[in-house]
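run_38.cif follows; it contains mmCIF, C-alpha atoms and all ligand atoms.
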```cif
data_input
loop_
_atom_site.label_atom_id
_atom_site.label_comp_id
_atom_site.auth_asym_id
_atom_site.auth_seq_id
_atom_site.Cartn_x
_atom_site.Cartn_y
_atom_site.Cartn_z
CA MET T 1 201.28 124.33 64.66
CA PRO T 2 203.48 125.56 61.84
CA SER T 3 202.04 124.94 58.41
CA HIS T 4 204.01 123.36 55.61
CA THR T 5 204.65 126.77 54.09
CA THR T 6 206.22 128.20 57.23
CA PHE T 7 209.81 129.15 56.63
CA LYS T 8 212.20 126.79 58.36
CA PRO T 9 215.96 127.32 58.29
CA ILE T 10 217.89 124.43 56.80
CA MET T 11 219.96 123.24 59.72
CA THR T 12 222.86 121.59 57.99
CA SER T 13 225.47 123.67 59.73
CA LEU T 14 224.26 124.76 63.16
CA ALA T 15 227.66 125.82 64.39
CA GLU T 16 228.33 128.22 61.51
CA SER T 17 224.95 129.86 61.45
CA PRO T 18 224.62 132.86 63.77
CA THR T 19 220.82 132.83 63.40
CA VAL T 20 220.27 129.27 64.62
CA PRO T 21 221.05 128.77 68.28
CA SER T 22 222.44 125.51 69.59
CA PHE T 23 219.45 123.52 70.82
CA SER T 24 221.06 122.23 73.96
CA ARG T 25 221.72 125.80 75.10
CA ALA T 26 218.70 127.68 73.85
CA VAL T 27 215.76 125.35 74.29
CA PRO T 28 214.84 124.26 77.79
CA ILE T 29 213.94 120.57 77.70
CA THR T 30 210.68 120.05 79.53
CA ARG T 31 207.86 117.55 79.46
CA ARG T 32 206.14 119.88 76.98
CA THR T 33 208.92 119.23 74.50
CA PHE T 34 207.63 115.66 74.31
CA ASP T 35 204.24 116.86 73.09
CA GLU T 36 205.95 118.94 70.42
CA VAL T 37 208.57 116.61 68.96
CA ILE T 38 207.69 112.97 69.72
CA VAL T 39 205.24 110.86 67.72
CA PRO T 40 202.32 110.65 70.16
CA THR T 41 202.34 106.92 70.97
CA TYR T 42 202.92 107.44 74.71
CA ALA T 43 201.57 109.58 77.51
CA PRO T 44 204.57 109.82 79.85
CA SER T 45 204.53 111.19 83.36
CA SER T 46 204.87 114.93 83.93
CA ILE T 47 208.33 114.41 85.47
CA ILE T 48 211.51 113.61 83.56
CA PRO T 49 214.00 111.28 85.25
CA VAL T 50 217.58 112.45 84.72
CA ARG T 51 219.75 110.11 86.78
CA ALA T 52 219.45 106.99 88.87
CA LYS T 53 221.35 104.55 91.07
CA GLY T 54 220.05 101.23 92.31
CA LEU T 55 216.32 101.74 92.93
CA ASP T 56 216.63 105.50 93.39
CA VAL T 57 215.67 107.80 90.53
CA TRP T 58 215.95 111.59 90.47
CA ASP T 59 213.99 113.97 88.27
CA GLN T 60 214.90 117.36 86.79
CA GLU T 61 213.96 119.04 90.09
CA ASN T 62 216.22 116.61 91.97
CA ARG T 63 213.21 114.92 93.59
CA GLN T 64 213.91 111.31 94.57
CA TYR T 65 211.68 108.37 93.62
CA LEU T 66 211.82 104.74 94.64
CA ASP T 67 211.59 102.72 91.42
CA PHE T 68 209.28 99.71 91.77
CA GLY T 69 208.79 99.37 88.02
CA ALA T 70 212.39 98.99 86.88
CA GLY T 71 211.47 100.38 83.46
CA ILE T 72 208.95 97.51 83.11
CA ALA T 73 211.02 94.68 84.56
CA VAL T 74 214.14 95.79 82.70
CA THR T 75 216.67 97.23 85.17
CA SER T 76 216.61 94.12 87.32
CA LEU T 77 220.04 94.76 88.80
CA GLY T 78 219.07 98.35 89.56
CA HIS T 79 220.11 101.46 87.69
CA CYS T 80 223.79 101.90 86.84
CA HIS T 81 224.89 98.66 88.52
CA PRO T 82 228.65 99.23 88.91
CA GLU T 83 229.72 95.86 87.44
CA VAL T 84 227.38 96.24 84.46
CA VAL T 85 228.55 99.80 83.85
CA LYS T 86 232.13 98.52 83.93
CA ALA T 87 231.36 95.71 81.46
CA LEU T 88 229.85 98.23 79.05
CA GLN T 89 232.68 100.73 79.47
CA GLN T 90 235.39 98.12 78.98
CA GLN T 91 233.75 96.80 75.83
CA ALA T 92 233.15 100.35 74.59
CA GLU T 93 236.92 100.85 74.55
CA LYS T 94 237.49 97.64 72.59
CA LEU T 95 234.97 96.83 69.87
CA TRP T 96 231.45 98.13 69.21
CA HIS T 97 230.27 96.44 66.09
CA VAL T 98 231.46 94.18 63.28
CA SER T 99 228.35 93.07 61.31
CA ASN T 100 227.24 89.47 61.05
CA GLY T 101 229.98 88.88 58.52
CA TYR T 102 232.07 88.28 61.65
CA THR T 103 231.25 86.80 64.99
CA ASN T 104 232.64 88.25 68.23
CA GLU T 105 233.89 86.98 71.57
CA PRO T 106 231.22 88.46 73.87
CA VAL T 107 228.33 86.98 71.86
CA LEU T 108 229.94 83.54 71.87
CA GLN T 109 230.49 83.75 75.62
CA LEU T 110 226.90 84.87 76.16
CA ALA T 111 225.43 82.12 73.97
CA SER T 112 227.61 79.51 75.67
CA ALA T 113 226.48 80.70 79.10
CA LEU T 114 222.78 80.65 78.13
CA VAL T 115 223.09 77.22 76.55
CA ALA T 116 224.98 75.85 79.56
CA THR T 117 222.28 76.95 81.97
CA THR T 118 219.02 76.27 80.05
CA PHE T 119 217.34 73.52 77.99
CA ALA T 120 218.61 75.21 74.83
CA ASP T 121 221.42 74.20 72.49
CA ARG T 122 221.48 77.42 70.48
CA ALA T 123 220.72 81.12 70.70
CA PHE T 124 219.70 83.79 68.21
CA PHE T 125 220.25 87.40 69.28
CA CYS T 126 218.31 90.51 68.39
CA ASN T 127 217.45 93.82 70.02
CA SER T 128 214.07 93.51 71.69
CA GLY T 129 211.38 91.20 72.93
CA ALA T 130 209.24 91.70 69.85
CA GLU T 131 212.13 90.71 67.62
CA ALA T 132 212.85 87.62 69.71
CA ASN T 133 209.21 86.57 69.31
CA GLU T 134 209.19 87.51 65.63
CA ALA T 135 212.16 85.17 65.17
CA ALA T 136 210.45 82.41 67.14
CA LEU T 137 207.20 82.67 65.17
CA LYS T 138 208.95 82.81 61.81
CA MET T 139 211.09 79.83 62.81
CA ALA T 140 208.01 77.83 63.84
CA ARG T 141 206.46 78.34 60.39
CA LYS T 142 209.76 77.48 58.72
CA TYR T 143 210.20 74.39 60.91
CA ALA T 144 206.85 72.94 59.83
CA ASP T 145 207.60 73.91 56.25
CA SER T 146 210.96 72.12 56.37
CA PHE T 147 209.10 68.83 56.95
CA GLY T 148 206.90 69.52 53.95
CA HIS T 149 203.89 70.20 56.16
CA SER T 150 202.40 72.88 53.98
CA HIS T 151 199.08 72.75 55.87
CA LYS T 152 200.74 73.35 59.23
CA LYS T 153 200.63 77.15 59.49
CA ARG T 154 198.42 77.98 62.44
CA ILE T 155 199.77 79.70 65.52
CA VAL T 156 197.82 79.47 68.76
CA SER T 157 198.16 82.15 71.42
CA CYS T 158 196.19 83.48 74.37
CA VAL T 159 193.69 86.23 74.85
CA ASN T 160 195.25 89.10 76.82
CA ALA T 161 198.73 87.95 75.84
CA PHE T 162 201.41 90.45 74.92
CA HIS T 163 204.24 89.50 72.57
CA GLY T 164 205.43 92.84 71.14
CA ARG T 165 204.46 95.46 68.57
CA THR T 166 205.68 94.26 65.19
CA LEU T 167 202.72 93.43 62.96
CA PHE T 168 203.21 89.67 63.44
CA THR T 169 203.74 89.77 67.21
CA VAL T 170 200.96 92.25 67.86
CA SER T 171 198.58 90.08 65.82
CA VAL T 172 199.62 86.99 67.78
CA GLY T 173 199.16 88.96 71.02
CA GLY T 174 195.64 88.77 72.31
CA GLN T 175 194.67 92.41 72.77
CA PRO T 176 192.49 93.68 69.91
CA LYS T 177 193.02 97.32 70.93
CA TYR T 178 196.62 96.99 69.71
CA THR T 179 195.73 95.72 66.22
CA GLU T 180 192.82 98.05 65.46
CA GLY T 181 193.39 99.84 62.18
CA PHE T 182 196.53 97.88 61.27
CA GLY T 183 194.88 95.27 59.07
CA PRO T 184 195.18 93.21 57.03
CA LEU T 185 196.82 91.14 59.75
CA PRO T 186 198.83 87.94 59.18
CA PRO T 187 196.45 84.99 58.73
CA GLU T 188 196.22 81.60 60.50
CA LEU T 189 196.24 82.90 64.07
CA THR T 190 193.91 81.53 66.76
CA HIS T 191 193.43 83.03 70.21
CA ILE T 192 192.27 80.97 73.16
CA GLU T 193 191.43 81.81 76.75
CA PHE T 194 194.51 81.72 79.00
CA ASN T 195 194.59 78.91 81.57
CA ASN T 196 191.59 77.19 79.93
CA ILE T 197 192.65 73.61 79.25
CA ASP T 198 189.49 72.65 77.36
CA ALA T 199 189.95 75.58 74.97
CA ALA T 200 193.51 74.42 74.29
CA ARG T 201 192.37 70.85 73.61
CA ALA T 202 189.71 72.13 71.23
CA VAL T 203 192.04 74.05 68.90
CA ILE T 204 195.51 72.48 69.05
CA ASP T 205 195.36 70.04 66.15
CA SER T 206 197.68 68.89 63.36
CA GLY T 207 197.31 72.23 61.55
CA VAL T 208 199.08 74.06 64.39
CA CYS T 209 202.80 74.79 63.99
CA ALA T 210 203.28 76.59 67.30
CA VAL T 211 201.69 77.55 70.58
CA ILE T 212 203.09 80.66 72.23
CA VAL T 213 202.38 81.55 75.84
CA GLU T 214 203.73 83.73 78.63
CA PRO T 215 204.27 81.56 81.73
CA ILE T 216 203.11 84.65 83.59
CA GLN T 217 201.01 87.07 81.59
CA GLY T 218 202.62 90.44 82.28
CA GLU T 219 200.91 93.24 80.38
CA GLY T 220 197.67 91.28 80.45
CA GLY T 221 197.35 91.61 84.23
CA VAL T 222 200.16 89.68 85.99
CA THR T 223 198.46 86.30 85.81
CA PRO T 224 200.57 83.16 86.33
CA ALA T 225 199.75 80.13 84.21
CA THR T 226 198.61 77.16 86.26
CA PRO T 227 201.16 74.31 86.25
CA ASP T 228 198.50 72.02 84.74
CA TYR T 229 197.88 74.43 81.90
CA LEU T 230 201.53 74.53 80.80
CA ARG T 231 201.81 70.74 81.23
CA VAL T 232 198.79 70.17 78.98
CA LEU T 233 200.10 72.61 76.36
CA ARG T 234 203.35 70.60 76.34
CA GLU T 235 201.42 67.34 75.86
CA LEU T 236 199.24 68.73 73.09
CA CYS T 237 202.22 70.19 71.25
CA ASP T 238 204.04 66.85 71.47
CA GLN T 239 200.98 64.99 70.18
CA GLN T 240 200.44 67.36 67.27
CA GLY T 241 204.05 68.08 66.36
CA ALA T 242 203.74 71.77 67.24
CA LEU T 243 206.45 73.87 68.88
CA LEU T 244 205.84 75.21 72.37
CA ILE T 245 207.20 78.75 72.68
CA PHE T 246 207.52 80.36 76.11
CA ASP T 247 207.66 84.15 75.99
CA GLU T 248 209.81 84.94 79.01
CA VAL T 249 210.60 88.47 77.91
CA GLN T 250 209.09 89.81 81.14
CA CYS T 251 209.11 86.86 83.55
CA GLY T 252 212.58 85.52 82.71
CA MET T 253 216.05 86.44 84.00
CA GLY T 254 215.45 85.81 87.67
CA ARG T 255 212.22 87.74 88.01
CA THR T 256 210.30 84.77 89.46
CA GLY T 257 213.13 83.61 91.72
CA GLU T 258 214.19 81.05 89.09
CA LEU T 259 216.54 82.00 86.26
CA PHE T 260 213.65 81.33 83.89
CA ALA T 261 210.05 80.75 84.91
CA TYR T 262 209.86 77.42 83.06
CA MET T 263 212.35 76.00 85.55
CA GLY T 264 209.90 76.59 88.38
CA TYR T 265 207.07 75.00 86.40
CA GLY T 266 209.14 72.02 85.31
CA VAL T 267 207.75 72.29 81.77
CA ILE T 268 210.36 72.60 79.05
CA PRO T 269 209.55 74.61 75.91
CA ASP T 270 211.02 74.11 72.43
CA VAL T 271 211.72 77.81 72.13
CA LEU T 272 212.19 80.49 74.77
CA THR T 273 212.30 84.21 74.16
CA CYS T 274 214.01 86.64 76.45
CA ALA T 275 214.78 90.37 76.42
CA LYS T 276 213.96 93.18 78.90
CA ALA T 277 216.16 92.32 81.94
CA LEU T 278 218.73 90.50 79.80
CA GLY T 279 220.40 93.83 79.07
CA ASN T 280 219.39 95.67 82.26
CA GLY T 281 218.51 98.65 80.06
CA TYR T 282 220.90 98.01 77.18
CA PRO T 283 218.75 96.75 74.27
CA ILE T 284 219.14 93.04 73.57
CA GLY T 285 216.79 90.13 72.92
CA ALA T 286 217.43 86.42 72.61
CA MET T 287 215.64 83.40 71.22
CA LEU T 288 216.80 80.09 72.67
CA THR T 289 216.04 76.74 71.11
CA THR T 290 217.20 73.19 70.48
CA ASP T 291 219.52 71.91 67.75
CA LYS T 292 216.61 70.18 66.07
CA VAL T 293 214.43 73.28 65.81
CA ALA T 294 217.31 75.63 65.01
CA ALA T 295 218.02 73.51 61.93
CA ALA T 296 214.90 75.03 60.34
CA PHE T 297 216.94 78.22 59.88
CA SER T 298 219.94 78.24 57.58
CA VAL T 299 222.34 80.90 56.36
CA GLY T 300 220.35 83.88 55.12
CA THR T 301 216.87 82.87 56.34
CA HIS T 302 216.74 85.41 59.15
CA GLY T 303 218.91 88.15 60.61
CA THR T 304 219.35 91.60 62.08
CA THR T 305 222.18 94.13 61.93
CA TYR T 306 222.70 94.67 65.65
CA GLY T 307 221.79 91.23 66.98
CA GLY T 308 224.50 89.97 69.31
CA ASN T 309 226.55 93.12 68.98
CA PRO T 310 229.61 93.10 71.29
CA LEU T 311 228.35 95.95 73.49
CA ALA T 312 224.97 94.35 74.16
CA ALA T 313 226.46 90.89 74.58
CA SER T 314 229.06 92.09 77.09
CA VAL T 315 226.37 93.71 79.20
CA ALA T 316 224.06 90.68 79.01
CA LEU T 317 226.85 88.28 79.92
CA LYS T 318 227.59 90.29 83.05
CA VAL T 319 223.87 90.48 83.93
CA LEU T 320 223.42 86.74 83.43
CA ASN T 321 226.46 85.91 85.55
CA ILE T 322 225.19 88.04 88.44
CA ILE T 323 221.58 86.81 88.34
CA ASN T 324 222.34 83.16 87.72
CA SER T 325 223.59 82.29 91.18
CA PRO T 326 221.65 80.27 93.77
CA HIS T 327 222.32 82.94 96.40
CA PHE T 328 220.99 85.77 94.22
CA LEU T 329 217.87 83.83 93.19
CA HIS T 330 217.18 82.75 96.75
CA ARG T 331 217.19 86.38 97.83
CA VAL T 332 214.63 87.21 95.09
CA GLN T 333 212.27 84.70 96.65
CA GLN T 334 212.90 86.09 100.12
CA ALA T 335 212.29 89.67 98.94
CA SER T 336 209.12 88.45 97.24
CA ASP T 337 207.83 86.93 100.47
CA ASN T 338 208.50 90.17 102.35
CA PHE T 339 206.91 92.28 99.64
CA MET T 340 203.80 90.08 99.58
CA VAL T 341 203.42 90.48 103.37
CA ALA T 342 203.74 94.26 103.03
CA LEU T 343 201.12 94.34 100.27
CA GLN T 344 198.77 92.09 102.26
CA GLY T 345 199.02 94.69 105.05
CA LEU T 346 197.88 97.39 102.61
CA GLN T 347 195.15 95.09 101.34
CA ARG T 348 193.77 94.81 104.89
CA GLU T 349 193.99 98.57 105.31
CA TYR T 350 192.33 99.40 101.97
CA PRO T 351 190.00 96.47 101.16
CA GLN T 352 187.70 98.92 99.36
CA ILE T 353 190.49 99.56 96.77
CA LEU T 354 192.79 96.52 96.65
CA GLY T 355 191.49 93.16 95.46
CA GLU T 356 193.34 90.00 94.45
CA LEU T 357 197.11 89.88 94.96
CA ARG T 358 198.97 87.64 92.50
CA GLY T 359 202.23 86.98 90.70
CA LYS T 360 205.49 85.15 91.26
CA GLY T 361 208.78 86.32 92.68
CA LEU T 362 209.08 90.06 92.13
CA LEU T 363 206.50 90.27 89.36
CA VAL T 364 203.43 91.17 91.37
CA GLY T 365 199.97 92.46 90.51
CA ILE T 366 197.04 93.72 92.54
CA GLU T 367 193.65 93.74 90.93
CA LEU T 368 191.57 96.78 91.87
CA THR T 369 188.15 96.13 93.36
CA ARG T 370 185.05 96.66 91.26
CA ALA T 371 184.53 100.06 92.87
CA TYR T 372 187.96 101.25 91.67
CA LYS T 373 188.01 99.55 88.26
CA GLY T 374 189.71 101.58 85.54
CA ARG T 375 191.65 103.72 88.03
CA ALA T 376 195.05 101.96 88.05
CA LYS T 377 196.72 104.81 86.14
CA GLU T 378 195.38 107.39 88.59
CA ILE T 379 196.80 105.38 91.50
CA THR T 380 200.25 105.17 89.87
CA ARG T 381 200.18 108.96 89.52
CA ALA T 382 199.22 109.31 93.20
CA ALA T 383 202.08 106.95 94.13
CA GLU T 384 204.48 109.01 92.04
CA GLU T 385 203.47 112.12 93.97
CA GLN T 386 204.54 110.23 97.09
CA GLY T 387 207.88 109.35 95.48
CA LEU T 388 207.09 105.83 94.33
CA MET T 389 207.21 104.61 90.74
CA ILE T 390 204.91 101.67 90.00
CA LEU T 391 203.31 100.22 86.86
CA ILE T 392 199.91 99.23 85.61
CA ALA T 393 198.94 96.05 83.76
CA GLY T 394 195.81 97.15 82.01
CA PRO T 395 193.36 99.67 83.51
CA ASP T 396 192.44 97.56 86.55
CA VAL T 397 195.73 96.13 87.83
CA LEU T 398 198.63 97.72 89.71
CA ARG T 399 201.90 96.07 88.74
CA PHE T 400 205.13 95.97 90.71
CA ALA T 401 208.47 94.84 89.25
CA PRO T 402 211.21 96.29 91.47
CA ALA T 403 214.85 95.56 90.75
CA LEU T 404 215.73 92.12 92.08
CA ILE T 405 218.33 93.72 94.37
CA VAL T 406 215.59 95.48 96.35
CA SER T 407 216.32 95.63 100.10
CA ASP T 408 213.84 94.93 102.89
CA GLU T 409 214.08 98.61 103.89
CA GLN T 410 213.14 99.65 100.35
CA ILE T 411 210.18 97.26 100.45
CA GLN T 412 208.97 98.83 103.70
CA GLU T 413 209.50 102.34 102.31
CA ALA T 414 207.60 101.51 99.12
CA ALA T 415 204.69 100.09 101.11
CA LYS T 416 204.65 103.26 103.23
CA ARG T 417 204.60 105.55 100.19
CA LEU T 418 201.94 103.44 98.48
CA GLY T 419 199.92 103.62 101.70
CA TYR T 420 200.04 107.45 101.61
CA ALA T 421 198.86 107.37 97.99
CA LEU T 422 196.01 104.97 98.77
CA ALA T 423 194.96 107.14 101.72
CA LYS T 424 194.62 110.10 99.35
CA ILE T 425 192.73 108.05 96.78
CA ALA T 426 190.41 106.66 99.46
CA LYS T 427 189.62 110.17 100.72
CA ALA T 428 189.02 111.70 97.31
C1 LIG V 501 207.70 93.69 76.78
C2 LIG V 501 207.27 92.38 76.25
C3 LIG V 501 207.46 92.05 74.90
C4 LIG V 501 207.97 93.03 73.89
O1 LIG V 501 209.29 93.41 74.14
P1 LIG V 501 209.87 94.71 73.40
O2 LIG V 501 211.30 94.73 73.84
O3 LIG V 501 209.07 95.87 73.87
O4 LIG V 501 209.72 94.49 71.96
C5 LIG V 501 207.11 90.78 74.49
N1 LIG V 501 206.61 89.89 75.34
C6 LIG V 501 206.42 90.17 76.64
C7 LIG V 501 205.88 89.11 77.55
C8 LIG V 501 206.73 91.43 77.14
O5 LIG V 501 206.51 91.72 78.42
#
```

Rewrite the structure of this file - the entire thing - as structure tokens.
Amino acid sequence: MPSHTTFKPIMTSLAESPTVPSFSRAVPITRRTFDEVIVPTYAPSSIIPVRAKGLDVWDQENRQYLDFGAGIAVTSLGHCHPEVVKALQQQAEKLWHVSNGYTNEPVLQLASALVATTFADRAFFCNSGAEANEAALKMARKYADSFGHSHKKRIVSCVNAFHGRTLFTVSVGGQPKYTEGFGPLPPELTHIEFNNIDAARAVIDSGVCAVIVEPIQGEGGVTPATPDYLRVLRELCDQQGALLIFDEVQCGMGRTGELFAYMGYGVIPDVLTCAKALGNGYPIGAMLTTDKVAAAFSVGTHGTTYGGNPLAASVALKVLNIINSPHFLHRVQQASDNFMVALQGLQREYPQILGELRGKGLLVGIELTRAYKGRAKEITRAAEEQGLMILIAGPDVLRFAPALIVSDEQIQEAAKRLGYALAKIAKA
């Protein structure tokens, strides 16, 4: 490690300086570079993906991988989907950014499309899931405040929930390992056990301004809410005048075989947050809500520079138009059925490793058996060696979130590669 006194050339003019080589030419970019120049918040794989198409990804050595993670449920139309690429390219030639001092056509088209197809009357755009939730949580406090309910500050959320990494959203999320050392945390937050109706009844009172829940807990282990649970949360929120916020950042945009998961549950939230697959890899987040709730925000109360930028909005509009068709969503359900059958086959073959299979649509988790607890990461590495990219959801759950365009052949191939990996793990 160089010390602070080590001489470092001032690199203001790389091109003119004969002593400072151009980095792209002189320094080979390897996985080791990550350890040298990136703040160490991640532990990425030893391979570096360099290009991709559909569900196929290639690394620096030109090795092919089948992508059953989709960048954590993000590239739901597959990598470099031709129509999405075209939407981005066409917009890139027209208008990139104008600031919120102006609106733009793509964002108005996107908002209109989202409003036309969901419970919502209005949309707020931002750049990520955390920001969508941050907006929702701030709005819930402001909404209660706008009625003069100064006591109504408490936000109820679930243990094992994940809502993002800003200080507010990470505090509302129910995973203490993510807030350790970041205190003092925002006050008036209560965490309850997910899917426990009695726990919800016990804490949702008139002091609560919002309840936030993932219809399917993603990071927390791919656990769907029970229909009764969401129905009771809706009732309790109505009784107590609290807003019900559904975090559909991971489970929304067709992932469950419905455009949004709430549609399958038949429980309508007051606020819905969305990101990840909305941009298929181009950063964008959205918070959807009703006229009544949106009125809590007025000019200047909240904002973000890039939110609803024409590039992001053009991409998201194209993504939404492709996903939001009965034919497309029907195929997601069909692919899900086939994938479940393939995974059940592996479960029968490796009952010593694979436990409960759960999820909805193409958001699927397998809990590892007690004997293999804590080894999910190791299994994803073994799968990668067989050319299959998969995810974990905590140390004990394998998570699968392939692009929604996955073919039956790709499902069979993924099951085959996962089988090879499990065989190795079983032997070791
Ligand atoms: C990923 C995720 C977030 C955070 O989204 P970012 O874009 O990483 O900020 C929030 N909620 C859920 C359910 C998520 O899966």

Counting only C-alpha atoms, give me one row per residue of region 75-163 of chain T with an atom at most 6 Å from an atom of region 283-298 of chain T, showing the shortest contact pair and its distance in Å to one decimal, sorted by chain then residue number, as a Markdown table.
```
| residue | atom | partner | partner_atom | distance |
| --- | --- | --- | --- | --- |
| T:Ala120 | CA | T:Thr289 | CA | 4.8 |
| T:Asp121 | CA | T:Thr290 | CA | 4.8 |
| T:Arg122 | CA | T:Thr289 | CA | 5.5 |
| T:Ala123 | CA | T:Leu288 | CA | 4.5 |
| T:Phe124 | CA | T:Met287 | CA | 5.1 |
| T:Phe125 | CA | T:Ala286 | CA | 4.5 |
| T:Cys126 | CA | T:Gly285 | CA | 4.8 |
| T:Asn127 | CA | T:Ile284 | CA | 4.0 |
| T:Ser128 | CA | T:Gly285 | CA | 4.5 |
| T:Gly129 | CA | T:Gly285 | CA | 5.5 |
| T:Ala132 | CA | T:Met287 | CA | 5.3 |
| T:Lys142 | CA | T:Ala296 | CA | 5.9 |
| T:Tyr143 | CA | T:Ala296 | CA | 4.8 |
```

For ligand LIG 501 (chain V), return the neighbouring residues as a compact mmCIF listing (two decimals) with C-alpha atoms, in the coordinates of the input (distance at most 10 Å; only C-alpha atoms and all ligand atoms).
```txt
# COMPACT_ATOMS: atom_id res chain seq x y z
CA ILE T 72 208.95 97.51 83.11
CA ALA T 73 211.02 94.68 84.56
CA VAL T 74 214.14 95.79 82.70
CA CYS T 126 218.31 90.51 68.39
CA ASN T 127 217.45 93.82 70.02
CA SER T 128 214.07 93.51 71.69
CA GLY T 129 211.38 91.20 72.93
CA ALA T 130 209.24 91.70 69.85
CA GLU T 131 212.13 90.71 67.62
CA ALA T 132 212.85 87.62 69.71
CA ASN T 133 209.21 86.57 69.31
CA GLU T 134 209.19 87.51 65.63
CA ALA T 161 198.73 87.95 75.84
CA PHE T 162 201.41 90.45 74.92
CA HIS T 163 204.24 89.50 72.57
CA GLY T 164 205.43 92.84 71.14
CA ARG T 165 204.46 95.46 68.57
CA THR T 166 205.68 94.26 65.19
CA THR T 169 203.74 89.77 67.21
CA VAL T 170 200.96 92.25 67.86
CA GLY T 173 199.16 88.96 71.02
CA VAL T 213 202.38 81.55 75.84
CA GLU T 214 203.73 83.73 78.63
CA PRO T 215 204.27 81.56 81.73
CA ILE T 216 203.11 84.65 83.59
CA GLN T 217 201.01 87.07 81.59
CA GLY T 218 202.62 90.44 82.28
CA GLU T 219 200.91 93.24 80.38
CA GLY T 220 197.67 91.28 80.45
CA PHE T 246 207.52 80.36 76.11
CA ASP T 247 207.66 84.15 75.99
CA GLU T 248 209.81 84.94 79.01
CA VAL T 249 210.60 88.47 77.91
CA GLN T 250 209.09 89.81 81.14
CA CYS T 251 209.11 86.86 83.55
CA GLY T 252 212.58 85.52 82.71
CA THR T 273 212.30 84.21 74.16
CA CYS T 274 214.01 86.64 76.45
CA ALA T 275 214.78 90.37 76.42
CA LYS T 276 213.96 93.18 78.90
CA ALA T 277 216.16 92.32 81.94
CA PRO T 283 218.75 96.75 74.27
CA ILE T 284 219.14 93.04 73.57
CA GLY T 285 216.79 90.13 72.92
```

For CA of Ile192 (chain T) and CA of Leu230 (chain T), quote the distance in Å rounded to one decimal.
13.6 Å

CA of Arg375 (chain T) to CA of Pro395 (chain T), straight-line distance in Å:
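Taking CA of Pro395 (chain T) and CA of Arg375 (chain T), their separation equals 6.3 Å.
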
Shell of 10 Å around Thr226 (chain T), all atoms listed in the file, local chain residues under 6 positions omitted, as a list in words:
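So the residues in contact are Phe194, Asn195, Asn196, Ile197, Pro215, Ile216 and Tyr265 of chain T.
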
Just give me the residues with any atom within 6 Å of (219.9, 92.7, 87.2), file coordinates, counting all atoms listed in the file, written as a JSON list (two decimals) with C-alpha atoms, keeping the file's coordinate frame.
```json
[["chain", "number", "residue", "atom", "x", "y", "z"],
["T", 75, "THR", "CA", 216.67, 97.23, 85.17],
["T", 76, "SER", "CA", 216.61, 94.12, 87.32],
["T", 77, "LEU", "CA", 220.04, 94.76, 88.80],
["T", 280, "ASN", "CA", 219.39, 95.67, 82.26],
["T", 319, "VAL", "CA", 223.87, 90.48, 83.93]]
```

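Computed from the coordinates, the CA of Leu357 (chain T) to CA of Arg381 (chain T) distance equals 20.1 Å.
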
Contact check, region 199-282 of chain T to region 305-315 of chain T, at most 10 Å, counting all atoms listed in the file, closest pairs as a Markdown table:
```
| residue | atom | partner | partner_atom | distance |
| --- | --- | --- | --- | --- |
| T:Leu278 | CA | T:Val315 | CA | 8.3 |
| T:Gly279 | CA | T:Val315 | CA | 6.0 |
| T:Asn280 | CA | T:Val315 | CA | 7.9 |
| T:Gly281 | CA | T:Val315 | CA | 9.3 |
| T:Tyr282 | CA | T:Ala312 | CA | 6.3 |
```

From the list T:Leu422, T:Ala316, T:Val156, T:Ala140, which residue is nearest Glu188 (chain T) when using all atoms listed in the file?
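When distances to Glu188 (chain T) are compared using all atoms listed in the file, the smallest one comes from T:Val156.
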
Distance query Pro402 (chain T) at most 8 Å, all atoms listed in the file, self and fewer than 6 positions along chain excluded, as a ChimeraX atom specification
/T:55,67-70,73,76,362-363

Save the residues we just selected, C-alpha atoms, as a PDB file, in the coordinates of the input?
```
ATOM      1  CA  LEU T  55     216.320 101.740  92.930  1.00  0.00           C
ATOM      2  CA  ASP T  67     211.590 102.720  91.420  1.00  0.00           C
ATOM      3  CA  PHE T  68     209.280  99.710  91.770  1.00  0.00           C
ATOM      4  CA  GLY T  69     208.790  99.370  88.020  1.00  0.00           C
ATOM      5  CA  ALA T  70     212.390  98.990  86.880  1.00  0.00           C
ATOM      6  CA  ALA T  73     211.020  94.680  84.560  1.00  0.00           C
ATOM      7  CA  SER T  76     216.610  94.120  87.320  1.00  0.00           C
ATOM      8  CA  LEU T 362     209.080  90.060  92.130  1.00  0.00           C
ATOM      9  CA  LEU T 363     206.500  90.270  89.360  1.00  0.00           C
TER      10      LEU T 363
END
```
